[in-house]
Structure formats: structure tokens, C-alpha cells
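Undergrad: Here you go, run_9.cif (mmCIF, N, CA and C atoms):
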```
data_target
loop_
_atom_site.label_atom_id
_atom_site.label_comp_id
_atom_site.auth_asym_id
_atom_site.auth_seq_id
_atom_site.Cartn_x
_atom_site.Cartn_y
_atom_site.Cartn_z
N MET N 1 -1.53 -15.13 9.93
CA MET N 1 -1.83 -15.73 11.22
C MET N 1 -1.58 -14.73 12.34
N THR N 2 -2.41 -14.76 13.33
CA THR N 2 -2.28 -13.82 14.43
C THR N 2 -1.35 -14.37 15.51
N PHE N 3 -1.01 -13.50 16.42
CA PHE N 3 -0.22 -13.89 17.57
C PHE N 3 -1.12 -14.64 18.55
N THR N 4 -0.53 -15.55 19.32
CA THR N 4 -1.29 -16.30 20.31
C THR N 4 -0.56 -16.25 21.65
N ILE N 5 -1.32 -16.38 22.72
CA ILE N 5 -0.76 -16.36 24.06
C ILE N 5 -0.85 -17.77 24.63
N THR N 6 0.28 -18.24 25.18
CA THR N 6 0.36 -19.60 25.71
C THR N 6 0.04 -19.64 27.20
N ASP N 7 0.07 -20.85 27.75
CA ASP N 7 -0.19 -21.05 29.18
C ASP N 7 0.91 -20.45 30.05
N ALA N 8 2.01 -20.01 29.46
CA ALA N 8 3.07 -19.36 30.23
C ALA N 8 2.67 -17.95 30.67
N CYS N 9 1.53 -17.47 30.18
CA CYS N 9 1.03 -16.14 30.54
C CYS N 9 0.80 -16.05 32.04
N ARG N 10 1.31 -14.97 32.64
CA ARG N 10 1.13 -14.74 34.07
C ARG N 10 0.04 -13.72 34.35
N GLY N 11 -0.56 -13.17 33.30
CA GLY N 11 -1.65 -12.22 33.49
C GLY N 11 -1.21 -10.85 33.99
N CYS N 12 -0.02 -10.43 33.58
CA CYS N 12 0.48 -9.13 34.06
C CYS N 12 -0.27 -7.95 33.41
N GLY N 13 -0.81 -8.15 32.22
CA GLY N 13 -1.59 -7.12 31.55
C GLY N 13 -0.82 -6.17 30.67
N LEU N 14 0.50 -6.31 30.58
CA LEU N 14 1.26 -5.41 29.71
C LEU N 14 0.84 -5.54 28.25
N CYS N 15 0.56 -6.75 27.81
CA CYS N 15 0.14 -6.95 26.42
C CYS N 15 -1.16 -6.20 26.13
N VAL N 16 -2.05 -6.17 27.10
CA VAL N 16 -3.31 -5.45 26.95
C VAL N 16 -3.05 -3.97 26.77
N ARG N 17 -2.14 -3.43 27.58
CA ARG N 17 -1.82 -1.99 27.51
C ARG N 17 -1.17 -1.60 26.19
N TYR N 18 -0.35 -2.48 25.62
CA TYR N 18 0.37 -2.13 24.40
C TYR N 18 -0.39 -2.47 23.13
N CYS N 19 -1.43 -3.27 23.19
CA CYS N 19 -2.18 -3.64 21.99
C CYS N 19 -2.98 -2.44 21.48
N PRO N 20 -2.71 -1.98 20.24
CA PRO N 20 -3.40 -0.79 19.74
C PRO N 20 -4.84 -1.01 19.31
N THR N 21 -5.24 -2.28 19.18
CA THR N 21 -6.60 -2.55 18.69
C THR N 21 -7.53 -3.14 19.73
N GLY N 22 -7.02 -3.37 20.93
CA GLY N 22 -7.86 -3.99 21.96
C GLY N 22 -8.13 -5.45 21.69
N ALA N 23 -7.21 -6.11 20.98
CA ALA N 23 -7.40 -7.51 20.61
C ALA N 23 -7.13 -8.48 21.75
N ILE N 24 -6.53 -8.00 22.82
CA ILE N 24 -6.15 -8.89 23.93
C ILE N 24 -7.06 -8.62 25.12
N THR N 25 -7.56 -9.71 25.69
CA THR N 25 -8.42 -9.61 26.86
C THR N 25 -7.95 -10.60 27.92
N GLY N 26 -8.34 -10.33 29.14
CA GLY N 26 -8.02 -11.25 30.23
C GLY N 26 -8.01 -10.52 31.55
N GLU N 27 -8.21 -11.27 32.60
CA GLU N 27 -8.20 -10.71 33.96
C GLU N 27 -6.78 -10.76 34.51
N ARG N 28 -6.48 -9.86 35.40
CA ARG N 28 -5.16 -9.82 36.03
C ARG N 28 -4.86 -11.17 36.70
N LYS N 29 -3.64 -11.64 36.52
CA LYS N 29 -3.15 -12.91 37.05
C LYS N 29 -3.85 -14.13 36.46
N GLN N 30 -4.47 -13.94 35.29
CA GLN N 30 -5.13 -15.05 34.58
C GLN N 30 -4.61 -15.09 33.15
N LEU N 31 -4.79 -16.19 32.50
CA LEU N 31 -4.38 -16.35 31.11
C LEU N 31 -5.13 -15.36 30.22
N HIS N 32 -4.40 -14.65 29.38
CA HIS N 32 -5.01 -13.71 28.44
C HIS N 32 -5.18 -14.37 27.08
N ARG N 33 -6.01 -13.77 26.24
CA ARG N 33 -6.30 -14.31 24.91
C ARG N 33 -6.24 -13.21 23.87
N VAL N 34 -5.93 -13.60 22.63
CA VAL N 34 -5.91 -12.68 21.50
C VAL N 34 -7.11 -12.99 20.62
N ALA N 35 -7.88 -11.97 20.28
CA ALA N 35 -9.01 -12.13 19.36
C ALA N 35 -8.44 -12.06 17.95
N PRO N 36 -8.43 -13.17 17.21
CA PRO N 36 -7.81 -13.18 15.88
C PRO N 36 -8.38 -12.14 14.92
N GLY N 37 -9.65 -11.83 15.01
CA GLY N 37 -10.26 -10.86 14.11
C GLY N 37 -9.82 -9.42 14.37
N LEU N 38 -9.27 -9.17 15.54
CA LEU N 38 -8.84 -7.81 15.89
C LEU N 38 -7.32 -7.63 15.81
N CYS N 39 -6.58 -8.73 15.84
CA CYS N 39 -5.11 -8.67 15.83
C CYS N 39 -4.61 -8.19 14.46
N ILE N 40 -3.75 -7.16 14.48
CA ILE N 40 -3.18 -6.63 13.24
C ILE N 40 -1.73 -7.08 13.05
N GLU N 41 -1.28 -7.99 13.91
CA GLU N 41 0.05 -8.57 13.83
C GLU N 41 1.18 -7.55 13.95
N CYS N 42 0.98 -6.57 14.84
CA CYS N 42 2.02 -5.57 15.06
C CYS N 42 3.16 -6.12 15.91
N GLY N 43 2.89 -7.14 16.72
CA GLY N 43 3.91 -7.78 17.52
C GLY N 43 4.23 -7.11 18.84
N ALA N 44 3.57 -6.01 19.16
CA ALA N 44 3.86 -5.31 20.42
C ALA N 44 3.63 -6.22 21.62
N CYS N 45 2.57 -7.01 21.59
CA CYS N 45 2.27 -7.90 22.71
C CYS N 45 3.40 -8.89 22.94
N ALA N 46 3.97 -9.40 21.87
CA ALA N 46 5.04 -10.39 21.97
C ALA N 46 6.33 -9.77 22.49
N ARG N 47 6.68 -8.60 21.97
CA ARG N 47 7.93 -7.96 22.40
C ARG N 47 7.87 -7.49 23.85
N ILE N 48 6.69 -7.11 24.34
CA ILE N 48 6.58 -6.59 25.70
C ILE N 48 6.51 -7.72 26.73
N CYS N 49 6.17 -8.92 26.31
CA CYS N 49 6.00 -10.05 27.24
C CYS N 49 7.35 -10.54 27.76
N ALA N 50 7.56 -10.40 29.07
CA ALA N 50 8.80 -10.83 29.70
C ALA N 50 8.81 -12.32 30.02
N PHE N 51 7.70 -13.00 29.78
CA PHE N 51 7.58 -14.41 30.13
C PHE N 51 7.64 -15.33 28.91
N GLY N 52 7.81 -14.76 27.72
CA GLY N 52 7.88 -15.57 26.50
C GLY N 52 6.58 -16.30 26.23
N ALA N 53 5.48 -15.72 26.65
CA ALA N 53 4.18 -16.37 26.55
C ALA N 53 3.45 -16.09 25.25
N VAL N 54 4.04 -15.29 24.35
CA VAL N 54 3.36 -14.94 23.11
C VAL N 54 4.10 -15.56 21.93
N LEU N 55 3.35 -16.25 21.09
CA LEU N 55 3.91 -16.86 19.89
C LEU N 55 3.51 -16.03 18.67
N ASP N 56 4.42 -15.97 17.70
CA ASP N 56 4.12 -15.23 16.48
C ASP N 56 3.20 -16.06 15.57
N GLY N 57 2.93 -15.58 14.40
CA GLY N 57 2.04 -16.24 13.46
C GLY N 57 2.52 -17.60 12.99
N GLU N 58 3.81 -17.87 13.18
CA GLU N 58 4.37 -19.18 12.81
C GLU N 58 4.55 -20.07 14.04
N ARG N 59 3.88 -19.67 15.13
CA ARG N 59 3.89 -20.40 16.40
C ARG N 59 5.28 -20.47 17.03
N GLN N 60 6.10 -19.43 16.80
CA GLN N 60 7.43 -19.34 17.39
C GLN N 60 7.42 -18.29 18.50
N PRO N 61 8.13 -18.58 19.61
CA PRO N 61 8.18 -17.58 20.67
C PRO N 61 8.95 -16.34 20.22
N VAL N 62 8.55 -15.20 20.75
CA VAL N 62 9.18 -13.93 20.40
C VAL N 62 9.95 -13.43 21.62
N ALA N 63 11.18 -13.00 21.40
CA ALA N 63 12.01 -12.54 22.51
C ALA N 63 11.49 -11.21 23.07
N HIS N 64 11.62 -11.06 24.37
CA HIS N 64 11.25 -9.82 25.05
C HIS N 64 12.23 -8.72 24.66
N VAL N 65 11.71 -7.57 24.33
CA VAL N 65 12.53 -6.40 24.01
C VAL N 65 11.92 -5.22 24.74
N LYS N 66 12.74 -4.49 25.47
CA LYS N 66 12.24 -3.31 26.17
C LYS N 66 11.79 -2.27 25.15
N PRO N 67 10.69 -1.57 25.41
CA PRO N 67 10.19 -0.58 24.45
C PRO N 67 11.24 0.45 24.02
N ALA N 68 12.15 0.80 24.88
CA ALA N 68 13.19 1.77 24.52
C ALA N 68 14.11 1.25 23.42
N HIS N 69 14.10 -0.06 23.20
CA HIS N 69 14.95 -0.67 22.17
C HIS N 69 14.17 -1.07 20.91
N TRP N 70 12.88 -0.80 20.88
CA TRP N 70 12.09 -1.13 19.70
C TRP N 70 12.52 -0.23 18.55
N PRO N 71 12.52 -0.76 17.34
CA PRO N 71 12.89 0.09 16.19
C PRO N 71 11.86 1.19 15.97
N ARG N 72 12.33 2.28 15.41
CA ARG N 72 11.48 3.43 15.12
C ARG N 72 11.60 3.78 13.64
N PRO N 73 10.55 4.35 13.07
CA PRO N 73 10.63 4.72 11.64
C PRO N 73 11.54 5.92 11.42
N VAL N 74 12.31 5.84 10.36
CA VAL N 74 13.17 6.94 9.92
C VAL N 74 12.87 7.13 8.44
N TRP N 75 12.61 8.38 8.04
CA TRP N 75 12.23 8.69 6.68
C TRP N 75 13.41 9.14 5.85
N ALA N 76 13.49 8.64 4.64
CA ALA N 76 14.45 9.14 3.65
C ALA N 76 13.71 10.27 2.93
N LEU N 77 13.92 11.49 3.37
CA LEU N 77 13.13 12.61 2.85
C LEU N 77 13.43 12.92 1.39
N GLY N 78 14.55 12.44 0.88
CA GLY N 78 14.83 12.60 -0.55
C GLY N 78 13.96 11.69 -1.40
N VAL N 79 13.39 10.67 -0.78
CA VAL N 79 12.54 9.71 -1.48
C VAL N 79 11.06 9.97 -1.18
N CYS N 80 10.77 10.37 0.05
CA CYS N 80 9.40 10.60 0.50
C CYS N 80 8.73 11.71 -0.32
N ILE N 81 7.47 11.47 -0.67
CA ILE N 81 6.71 12.48 -1.43
C ILE N 81 5.59 13.08 -0.58
N ALA N 82 5.63 12.84 0.72
CA ALA N 82 4.64 13.37 1.66
C ALA N 82 3.22 12.95 1.31
N CYS N 83 3.07 11.70 0.90
CA CYS N 83 1.72 11.19 0.62
C CYS N 83 0.95 10.93 1.91
N ASN N 84 1.68 10.77 3.00
CA ASN N 84 1.13 10.55 4.34
C ASN N 84 0.33 9.26 4.49
N ILE N 85 0.60 8.29 3.64
CA ILE N 85 -0.01 6.96 3.79
C ILE N 85 0.44 6.36 5.12
N CYS N 86 1.69 6.61 5.50
CA CYS N 86 2.21 6.09 6.77
C CYS N 86 1.45 6.66 7.96
N VAL N 87 1.02 7.91 7.85
CA VAL N 87 0.25 8.54 8.93
C VAL N 87 -1.05 7.78 9.13
N GLN N 88 -1.70 7.44 8.04
CA GLN N 88 -2.97 6.73 8.10
C GLN N 88 -2.78 5.28 8.53
N ALA N 89 -1.64 4.67 8.19
CA ALA N 89 -1.40 3.26 8.49
C ALA N 89 -0.98 3.01 9.94
N CYS N 90 -0.44 4.00 10.61
CA CYS N 90 0.10 3.81 11.96
C CYS N 90 -1.00 3.41 12.95
N PRO N 91 -0.93 2.19 13.50
CA PRO N 91 -1.98 1.77 14.43
C PRO N 91 -1.94 2.50 15.77
N ALA N 92 -0.80 3.06 16.12
CA ALA N 92 -0.68 3.78 17.39
C ALA N 92 -1.00 5.27 17.24
N GLY N 93 -1.12 5.74 16.01
CA GLY N 93 -1.43 7.14 15.77
C GLY N 93 -0.33 8.10 16.20
N VAL N 94 0.92 7.66 16.08
CA VAL N 94 2.03 8.49 16.55
C VAL N 94 2.83 9.15 15.42
N ILE N 95 2.35 9.02 14.20
CA ILE N 95 3.01 9.67 13.06
C ILE N 95 2.11 10.81 12.60
N GLY N 96 2.72 11.96 12.39
CA GLY N 96 1.96 13.11 11.94
C GLY N 96 2.83 13.98 11.06
N PRO N 97 2.26 15.03 10.51
CA PRO N 97 3.06 15.93 9.68
C PRO N 97 4.08 16.66 10.54
N ALA N 98 5.29 16.79 10.01
CA ALA N 98 6.35 17.50 10.73
C ALA N 98 5.99 18.97 10.83
N ALA N 99 6.31 19.55 11.94
CA ALA N 99 6.05 20.98 12.13
C ALA N 99 7.07 21.81 11.38
N GLY N 100 6.63 22.93 10.88
CA GLY N 100 7.55 23.88 10.26
C GLY N 100 8.04 23.48 8.89
N GLU N 101 9.32 23.18 8.81
CA GLU N 101 9.96 22.93 7.52
C GLU N 101 9.51 21.63 6.87
N GLY N 102 9.98 21.40 5.68
CA GLY N 102 9.74 20.16 4.98
C GLY N 102 8.47 20.14 4.16
N LYS N 103 8.04 21.25 3.69
CA LYS N 103 6.80 21.27 2.91
C LYS N 103 7.05 20.83 1.48
N VAL N 104 6.14 20.02 0.98
CA VAL N 104 6.16 19.58 -0.41
C VAL N 104 4.83 20.06 -0.97
N GLY N 105 4.87 21.11 -1.73
CA GLY N 105 3.61 21.69 -2.18
C GLY N 105 2.85 22.15 -0.96
N ARG N 106 1.66 21.61 -0.76
CA ARG N 106 0.85 21.98 0.40
C ARG N 106 0.97 20.96 1.53
N ALA N 107 1.53 19.78 1.22
CA ALA N 107 1.66 18.74 2.23
C ALA N 107 2.98 18.90 2.98
N ARG N 108 3.04 18.30 4.15
CA ARG N 108 4.27 18.30 4.92
C ARG N 108 4.75 16.87 5.09
N TYR N 109 6.07 16.72 5.18
CA TYR N 109 6.64 15.39 5.39
C TYR N 109 6.14 14.80 6.71
N PRO N 110 6.00 13.50 6.77
CA PRO N 110 5.59 12.85 8.02
C PRO N 110 6.78 12.78 8.98
N ALA N 111 6.46 12.66 10.25
CA ALA N 111 7.47 12.53 11.29
C ALA N 111 6.89 11.77 12.47
N LEU N 112 7.75 11.20 13.27
CA LEU N 112 7.33 10.50 14.47
C LEU N 112 7.02 11.54 15.53
N ALA N 113 5.75 11.70 15.84
CA ALA N 113 5.31 12.74 16.77
C ALA N 113 5.51 12.33 18.23
N ASP N 114 5.44 11.03 18.51
CA ASP N 114 5.57 10.56 19.89
C ASP N 114 6.32 9.23 19.90
N ALA N 115 7.65 9.31 19.95
CA ALA N 115 8.49 8.11 19.89
C ALA N 115 8.21 7.16 21.05
N GLY N 116 7.83 7.69 22.19
CA GLY N 116 7.55 6.85 23.35
C GLY N 116 6.35 5.95 23.20
N ARG N 117 5.43 6.31 22.31
CA ARG N 117 4.24 5.49 22.09
C ARG N 117 4.33 4.65 20.81
N CYS N 118 5.44 4.78 20.07
CA CYS N 118 5.63 3.99 18.85
C CYS N 118 5.74 2.52 19.21
N LEU N 119 5.04 1.66 18.48
CA LEU N 119 5.04 0.23 18.73
C LEU N 119 6.20 -0.49 18.07
N GLY N 120 6.91 0.18 17.18
CA GLY N 120 8.01 -0.45 16.48
C GLY N 120 7.55 -1.57 15.57
N CYS N 121 6.32 -1.50 15.12
CA CYS N 121 5.72 -2.60 14.35
C CYS N 121 6.12 -2.63 12.89
N GLY N 122 6.48 -1.49 12.32
CA GLY N 122 6.87 -1.44 10.92
C GLY N 122 5.72 -1.39 9.95
N ILE N 123 4.50 -1.25 10.43
CA ILE N 123 3.35 -1.18 9.53
C ILE N 123 3.45 0.05 8.63
N CYS N 124 3.96 1.14 9.18
CA CYS N 124 4.16 2.35 8.37
C CYS N 124 5.13 2.10 7.23
N ALA N 125 6.23 1.41 7.52
CA ALA N 125 7.24 1.11 6.50
C ALA N 125 6.67 0.18 5.42
N ALA N 126 5.88 -0.79 5.85
CA ALA N 126 5.27 -1.71 4.89
C ALA N 126 4.25 -1.00 4.00
N ALA N 127 3.59 0.01 4.53
CA ALA N 127 2.56 0.73 3.77
C ALA N 127 3.15 1.75 2.79
N CYS N 128 4.38 2.16 3.01
CA CYS N 128 4.99 3.20 2.17
C CYS N 128 5.20 2.69 0.74
N PRO N 129 4.57 3.35 -0.23
CA PRO N 129 4.68 2.88 -1.62
C PRO N 129 6.07 3.11 -2.24
N LEU N 130 6.90 3.93 -1.60
CA LEU N 130 8.21 4.25 -2.15
C LEU N 130 9.36 3.69 -1.33
N ASP N 131 9.07 2.89 -0.32
CA ASP N 131 10.10 2.35 0.57
C ASP N 131 10.97 3.46 1.15
N ALA N 132 10.34 4.56 1.52
CA ALA N 132 11.06 5.71 2.06
C ALA N 132 11.21 5.64 3.58
N ILE N 133 10.71 4.56 4.19
CA ILE N 133 10.79 4.42 5.64
C ILE N 133 11.58 3.17 5.98
N GLN N 134 12.54 3.33 6.88
CA GLN N 134 13.27 2.19 7.43
C GLN N 134 13.00 2.15 8.92
N MET N 135 12.89 0.95 9.45
CA MET N 135 12.74 0.78 10.89
C MET N 135 14.15 0.63 11.46
N VAL N 136 14.52 1.54 12.33
CA VAL N 136 15.88 1.60 12.85
C VAL N 136 15.84 1.49 14.37
N ALA N 137 16.60 0.54 14.90
CA ALA N 137 16.69 0.39 16.35
C ALA N 137 17.51 1.54 16.92
N PRO N 138 17.18 2.01 18.12
CA PRO N 138 17.96 3.08 18.73
C PRO N 138 19.44 2.69 18.79
N GLY N 139 20.28 3.62 18.42
CA GLY N 139 21.72 3.37 18.40
C GLY N 139 22.23 2.80 17.10
N SER N 140 21.31 2.44 16.20
CA SER N 140 21.70 1.90 14.89
C SER N 140 21.75 3.03 13.88
N ARG N 141 22.30 2.73 12.74
CA ARG N 141 22.34 3.71 11.67
C ARG N 141 21.42 3.28 10.54
N MET N 142 20.82 4.26 9.91
CA MET N 142 19.95 4.01 8.76
C MET N 142 20.82 3.70 7.55
N VAL N 143 20.40 2.71 6.77
CA VAL N 143 21.08 2.40 5.53
C VAL N 143 20.57 3.39 4.50
N LYS N 144 21.45 4.03 3.79
CA LYS N 144 21.04 5.05 2.84
C LYS N 144 20.18 4.45 1.73
N VAL N 145 19.03 5.05 1.52
CA VAL N 145 18.09 4.62 0.49
C VAL N 145 18.32 5.46 -0.74
N GLU N 146 18.59 4.81 -1.85
CA GLU N 146 18.79 5.53 -3.11
C GLU N 146 17.74 5.06 -4.10
N LYS N 147 17.11 5.99 -4.74
CA LYS N 147 16.09 5.64 -5.76
C LYS N 147 16.31 6.46 -6.99
#
```
Step by step, read the file and then write its structure as C-alpha cells.
TA:
Amino acid sequence: MTFTITDACRGCGLCVRYCPTGAITGERKQLHRVAPGLCIECGACARICAFGAVLDGERQPVAHVKPAHWPRPVWALGVCIACNICVQACPAGVIGPAAGEGKVGRARYPALADAGRCLGCGICAAACPLDAIQMVAPGSRMVKVEK
């Protein structure tokens, strides 16, 4: 189920700016809408909404979280095989091969290239076939992954 916007929407447009697929439309100061066929359920629209106007797929309101507090992907490089599936899965396009070190054969380990544009959605972690990615909130510690 996709996210939905309620009548509490004030039309500020932040959800439009943060949606990576263009699934949200609406005029400024008017009720916005989510196109279900375009929504990838990343939740960025819900977390950025300061008015509690966005409901998740279970029709529950989502708390506002400032982007600086959104979780970010952290790789367990001892587990990662540099398949780069996470790079392809990232809807914001902010994951790329790490520069310099970390080469595995000809591939390079993935890294967060632009933390400021990361949606904190966890799609990269869900796509990882080895569970080598954890979503970690700033100031938190990663739980050690052992395989």
C-alpha cells in the first residue's frame, strides 16, 4: 500500500521536493496527492511532513523527523561482496562506488556519496542479498553483522 496525504495537508510542497519518483502533485497551499502507481513507499514524504498529514501504507500517521536525523546506510565491508545492487536500488541515486581503496577484484565497495540527499528509506538495505547494510540513525552505533 502506498502513502496517502490527508486533509491536514497545508500545501507546503516539502513532500514534492523530497519524493524521488515525482509521485506527489499539488499546488502551493492546496491539498497534495500521491499517485499510487508512482509511489515506491520510501516514506520520505511522511517523515518530512511537519503537519502529520501523511499516512503510511497501514493508514497510520508518521512522525515528522528532520532530514539530519534520518537513518543512513552503513556497510559491513567484511560481508559486502561489492555486487552494487544497492547502488542500482537507491531511488535517490546517492550510493556509488567508494573512491580509492576497497577494491574487490575489479569492483569497488559501495558508499554513500551524498549523505545530505539520502532519503533514509532503507531500500538499499532491503535489496542487499547479504544483509551487509544497516540503516543507522546519526549518533547511533551499528550492530556488528557476523556471517
Undergrad: Could you spell out the hits of the PyMOL selection byres (((chain N and resi 29-46 and name CA) around 9) and name CA) on the shown file, as a ChimeraX atom specification?
TA: /N:1-28,47-50,52-57,61-65,67,91,119-123
Undergrad: Rank nothing, just name the residue among N:Val94, N:Met135, N:Cys128, N:Val74 nearest to Ala115 of chain N, using only C-alpha atoms.
TA: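 Nearest to Ala115 of chain N: N:Val94.
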Undergrad: Compile the contact shell of Arg72 of chain N as a list of chain:residue names: residues with an atom at most 7 Å away, counting only N, CA and C atoms, same-chain residues fewer than 3 positions apart removed.
TA: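 Using only N, CA and C atoms, the neighbours found are N:His69, N:Cys118, N:Gly120, N:Gln134, N:Met135, N:Val136, N:Ala137, N:Pro138.
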Undergrad: Pick from N:Ile95, N:Cys90, N:Ala126, N:Ala132: nearest to Ala111 of chain N, with all atoms listed in the file counted?
TA: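 For Ala111 of chain N, the nearest of the candidates is N:Ile95.
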Undergrad: Tell me, in Å to one decimal, how far atom CA of Cys124 of chain N is from atom N of Trp70 of chain N.
TA: 15.6 Å
Undergrad: Quick one, how far is atom CA of Tyr109 of chain N from atom N of Ala68 of chain N?
TA: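 Computing the Euclidean distance for atom CA of Tyr109 of chain N and atom N of Ala68 of chain N yields 25.0 Å.
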Undergrad: Give the strand (DSSP E) residues of chain N, as DSSP finds them on the backbone, and put them as a list in words.
TA: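 Listing strand (DSSP E) positions across chain N yields Thr4, Ile5, Ile24, Thr25, Arg33, Val34, Val54, Leu55, Arg72, Pro73, Val74, Trp75, Ile95, Gly96, Pro97, Lys103, Val104, Ala107, Arg108, Pro110, Ala111, Leu112, Ile133, Gln134, Met135 and Val136 of chain N.
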Undergrad: To one decimal in Å, tell me the separation between atom N of Gly93 of chain N and atom N of Ala127 of chain N.
TA: 13.7 Å
Undergrad: I need the residue nearest Ile81 of chain N from this list: N:Gly96, N:Gly116, N:Gly139, N:Pro129. Use only C-alpha atoms for the distance.
TA: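 Of N:Gly96, N:Gly116, N:Gly139, N:Pro129, the one nearest Ile81 of chain N is N:Pro129, counting only C-alpha atoms.
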Undergrad: Please write out, as lines of an AutoDock Vina configuration file, where the centre of an axis-aligned box around all listed atoms of segment 52-59 of chain N lies and how long its edges are, in Å to one decimal, after adding 6 Å on each side.
TA:
```
center_x = 5.0
center_y = -17.6
center_z = 20.3
size_x = 17.8
size_y = 17.7
size_z = 26.9
```
Undergrad: Evaluate the PyMOL selection byres ((chain N and resi 82) around 6.5) and record the selected residues as a PyMOL selection string, following the chain and residue labels used in the document.
TA: chain N and resi 79-81+83-85+107-110
